[in-house]
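Q: Take this structure, written in structure tokens, and hold onto it; I'll ask about it next.
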Amino acid sequence: MANIVQFENVGLRYGTGPETLSDVSFTLATGAFYFVTGASGAGKTSLLKLLYLAQRPTRGTIRLFGEDAVMLPRSRLPGFRRRIGVVFQDFRLIPHLTAWDNIALPLRLSGVPEGDIEAPVREMLAWVGLSERAHARPPTLSGGEQQRIAIARAVIGRPEMLVADEPTGNVDPEMAARLLHLFDSLNRLGTTVVVATHDFHLLSRIPNAHMMRIEHGQLLDPTGSLRHPPGRPT
């Protein structure tokens with residue numbers, strides 16, 4: 001199986017402070033499912049920012065979709081980012097747009113004709129169980145509803161890779177299980193899925209997932225090899 005991501009000796013530093021990530025090396029296989037685990041402040045969000053090209057590393061090499069992402073010209077960043085769906089921890093919905101329009105936004109930005117937008121948006125709303133909230137604006141939605149809209153927006157374009165930062169942090173256990181099932185379904189269609197979480201109870205819900213654990217800005221295994229969730233044979 002080809003690799004969609006490759007990190008080699010990657011370090012990340014904000015300003016003049018100590019490194020947030022140090023000597024991180026790993027590969028992600030195309031079409032696989034990964035959990036990134038670790039305590040709050042361990043470096044999970046910083047790692048995801050590097051994955052979806054919101055941050056460039058201080059040092060090291062990152063290859064994404066077979067190309068050097070560190071040296072990628074700014075003019076090509078938008079095209080790369082459209083291949084990646086992102087679920088942010090703080091949702092980042094546009095408050096004056098309805099749930100429908102928030103979900104439709106990636107398609108419109110990609111130039112999809114309006115006549116071809118209605119069906120996929122309707123499908124996404126049903127997928128996350130919010131068809132009846134299509135015309136609600138984010139300030140009127142609960143945290144869990146906003147999270148589900150954010151997930152629908154992230155996956156509507158059928159991205160090659162989905163990156164989700166604590167996507168179940170604002171929903172109840174039943175909805176968390178449902179959202180993970182949605183991620184699993186997307187993964188089975190070929191999307192590489194990377195989910196950052198501190199909730200170890202989630203790991204057993206995706207039996208074929210791999211796990212990477214970060215502590216103090218470093219992978220627990222310094223070789224960067226992938227680990228399976230507890231209870232699964234390696």
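Residues in the structure tokens are named by chain (A, B, ... in the order shown) and by number from 1 within that chain; ligands are numbered from 1 in the order shown.
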Could you pull out the strand (DSSP E) residues of region 20-217 of chain A from DSSP and send them as an NGL selection string?

A: :A and (20-29 or 33-37 or 59-64 or 67-68 or 84-87 or 161-165 or 192-197 or 210-215)

Q: For Pro167 (chain A), please output as a VMD selection string all residues within 9 Å (counting only C-alpha atoms; exclusion window: fewer than 5 positions along the same chain).

A: chain A and resid 87 to 89 147 to 148 151 176 179 to 180 195 to 197

Q: Point out the residue among A:Arg108, A:Arg82, A:Arg213, A:His198 with the least atom-to-atom distance to Gly169 (chain A), counting only C-alpha atoms.

A: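 Checking each candidate against Gly169 (chain A), we get A:His198 as the closest.
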
Q: Based on the backbone DSSP call, show me all residues of chain A assigned helix (DSSP H, G or I), as a short mmCIF file (atom, residue, chain, number, x, y, z; two decimals) with C-alpha atoms, in the first residue's frame.

A:
```cif
data_model
loop_
_atom_site.label_atom_id
_atom_site.label_comp_id
_atom_site.auth_asym_id
_atom_site.auth_seq_id
_atom_site.Cartn_x
_atom_site.Cartn_y
_atom_site.Cartn_z
CA LYS A 44 -1.62 16.31 18.93
CA THR A 45 -3.09 19.53 17.52
CA SER A 46 0.33 20.75 16.36
CA LEU A 47 0.86 17.47 14.51
CA LEU A 48 -2.51 17.82 12.80
CA LYS A 49 -1.71 21.39 11.74
CA LEU A 50 1.34 20.06 9.93
CA LEU A 51 -0.82 17.39 8.27
CA ARG A 74 2.16 29.11 -1.74
CA SER A 75 0.31 29.17 -5.05
CA ARG A 76 -0.22 25.41 -4.81
CA LEU A 77 -1.36 25.30 -1.18
CA PRO A 78 -5.09 25.86 -1.91
CA GLY A 79 -5.16 22.92 -4.33
CA PHE A 80 -3.47 20.66 -1.79
CA ARG A 81 -5.76 21.76 1.00
CA ALA A 99 -26.05 24.95 8.38
CA TRP A 100 -26.89 24.19 4.73
CA ASP A 101 -24.61 26.93 3.42
CA ASN A 102 -21.78 26.02 5.77
CA ILE A 103 -21.84 22.46 4.44
CA ALA A 104 -22.12 23.65 0.83
CA LEU A 105 -19.18 26.06 1.15
CA PRO A 106 -16.37 23.67 0.09
CA LEU A 107 -18.28 22.72 -3.06
CA ARG A 108 -18.93 26.34 -3.95
CA LEU A 109 -15.28 27.25 -3.40
CA GLU A 114 -25.33 25.23 -7.84
CA GLY A 115 -27.50 22.61 -9.50
CA ASP A 116 -25.09 19.91 -8.39
CA GLU A 118 -28.34 20.36 -3.41
CA ALA A 119 -28.22 16.55 -3.49
CA PRO A 120 -24.86 16.12 -1.68
CA VAL A 121 -25.73 18.74 0.95
CA ARG A 122 -29.07 17.05 1.61
CA GLU A 123 -27.26 13.71 1.88
CA MET A 124 -24.72 15.11 4.36
CA LEU A 125 -27.45 16.64 6.54
CA ALA A 126 -29.22 13.30 6.70
CA TRP A 127 -25.88 11.53 7.31
CA SER A 131 -31.96 17.46 8.15
CA GLU A 132 -34.46 19.44 10.21
CA ARG A 133 -31.77 22.01 11.14
CA PRO A 138 -24.52 28.17 14.13
CA PRO A 139 -25.32 30.44 17.12
CA THR A 140 -28.69 28.66 17.47
CA GLY A 143 -22.17 22.34 20.51
CA GLY A 144 -22.86 18.80 19.38
CA GLU A 145 -24.95 20.00 16.43
CA GLN A 146 -22.22 22.42 15.39
CA GLN A 147 -19.70 19.59 15.54
CA ARG A 148 -21.84 17.44 13.27
CA ILE A 149 -22.23 20.29 10.76
CA ALA A 150 -18.46 20.78 10.84
CA ILE A 151 -17.94 17.09 10.09
CA ALA A 152 -20.43 17.18 7.21
CA ARG A 153 -18.61 20.21 5.76
CA ALA A 154 -15.26 18.41 6.06
CA VAL A 155 -16.33 15.28 4.21
CA PRO A 173 -21.39 8.72 23.86
CA GLU A 174 -24.15 7.56 21.51
CA MET A 175 -23.43 10.34 19.01
CA ALA A 176 -19.68 9.79 19.40
CA ALA A 177 -20.17 6.18 18.33
CA ARG A 178 -22.30 7.31 15.40
CA LEU A 179 -19.72 9.85 14.24
CA LEU A 180 -16.94 7.27 14.42
CA HIS A 181 -19.11 4.95 12.34
CA LEU A 182 -19.40 7.75 9.76
CA PHE A 183 -15.62 8.15 9.72
CA ASP A 184 -15.24 4.41 9.34
CA SER A 185 -17.68 4.41 6.42
CA LEU A 186 -15.71 7.18 4.74
CA ASN A 187 -12.50 5.26 5.34
CA ARG A 188 -13.99 2.17 3.70
CA PHE A 200 -9.04 5.69 24.86
CA HIS A 201 -12.57 4.24 24.97
CA LEU A 202 -12.98 5.23 21.32
CA LEU A 203 -10.05 3.17 20.09
CA SER A 204 -11.78 -0.20 20.20
CA ARG A 205 -14.66 1.05 18.03
#
```

Q: Which is closest to Thr191 (chain A) among A:Ile206, A:Leu97, A:Met212, A:Ala29, if we use only C-alpha atoms?

A: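 So, comparing all the options, the nearest one is A:Ala29.
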
Q: Could you state the separation of CA of Glu166 (chain A) and CA of Tyr14 (chain A) in Å, given to one decimal place?

A: 21.8 Å

Q: Separation of CA of Arg158 (chain A) and CA of Thr192 (chain A), in Å?

A: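 So the answer is 10.6 Å.
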